[in-house]
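Report on one structure; see the data block that follows.
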Amino acid sequence: MMLRLVARRFKGNNEAAQLTLMTANLAIRVAGIVGFFAVALGAFGAHGFKDLLLRNNTTEIYHTAVLYHLVHAVVLLILALRTPMRSGPFLSFLSGVLIFSGSLYLLAITNMRWLGAITPFGGVCFLVGWAWMVFAPERK
């Protein structure tokens with residue numbers, strides 16, 4: 001599929017516009033999936049994992065993961081809806097969700113504290129995404 005998209009890019013301006021639309025559609029779907037899992041994992045934390053999180057004393061860690069996950073799911077959707085779609089910040093925020101929130105979810109559920117050493121790398125991904133939007137707000 002990716003080769004077909006790349007091949008279309010060289011056929012003309014209309015085809016390049018289709019490539020951008022396809023990329024934006026994929027980004028919207030990814031943002032939707034990220035948002036879906038933010039809500040689902042938040043619900044699991046409040047109900048299904050409640051006793052485990054209390055036993056591990058990691059409820060606040062889990063809440064932090066959900067908060068950053070949900071906020072950045074909204075940011076991903078906003079970026080996906082912009083024209084042109086900003087793939088650099090989008091990928092930075094997506095990486096941040098996976099690494100930052102993902103490591104906190106795992107830490108909270110497994111109580112393996114060494115996972116906390118991974119979390120700052122996700123935080124750096126978030127910072128890169130925000131800095132990218134500050135210093136390069138529009139792609140020309």
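For the structure tokens, the naming scheme is as follows: chains receive sequential letters (A, B, ...) according to their order of presentation, residues are indexed from 1 within each chain, and ligands are indexed from 1 in presentation order.
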Would you write out, as CSV, a table of all residues in region 53-96 of chain A that have an atom no more than 10 Å from an atom of region 118-129 of chain A, listing for each the closest atom pair and the distance in Å to one decimal, considering only C-alpha atoms and ordering rows by chain and rising residue number?
```
residue,atom,partner,partner_atom,distance
A:Ala65,CA,A:Thr119,CA,9.9
A:Tyr68,CA,A:Phe126,CA,9.5
A:His72,CA,A:Phe126,CA,8.5
A:Gly88,CA,A:Gly129,CA,7.4
A:Pro89,CA,A:Gly129,CA,4.4
A:Phe90,CA,A:Gly129,CA,7.2
A:Leu91,CA,A:Gly129,CA,7.9
A:Ser92,CA,A:Gly129,CA,5.0
A:Phe93,CA,A:Phe126,CA,5.3
A:Leu94,CA,A:Cys125,CA,8.3
A:Ser95,CA,A:Cys125,CA,6.3
A:Gly96,CA,A:Gly122,CA,4.2
```
**Prompt:** Which residue out of A:Ile99, A:Met112, A:Met133, A:Val74 has the minimum interatomic distance to Val30 (chain A) when only C-alpha atoms are used?
**Reply:**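 Under the stated criterion, the closest residue is A:Val74.
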**Request:** Would you work out the distance separating CA of Leu81 (chain A) from CA of Ala27 (chain A), expressed in Å to one decimal?
**Result:**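 These two atoms are separated by 8.4 Å.
In this structure, CA of Ala73 (chain A) sits 5.0 Å away from CA of Gly35 (chain A).
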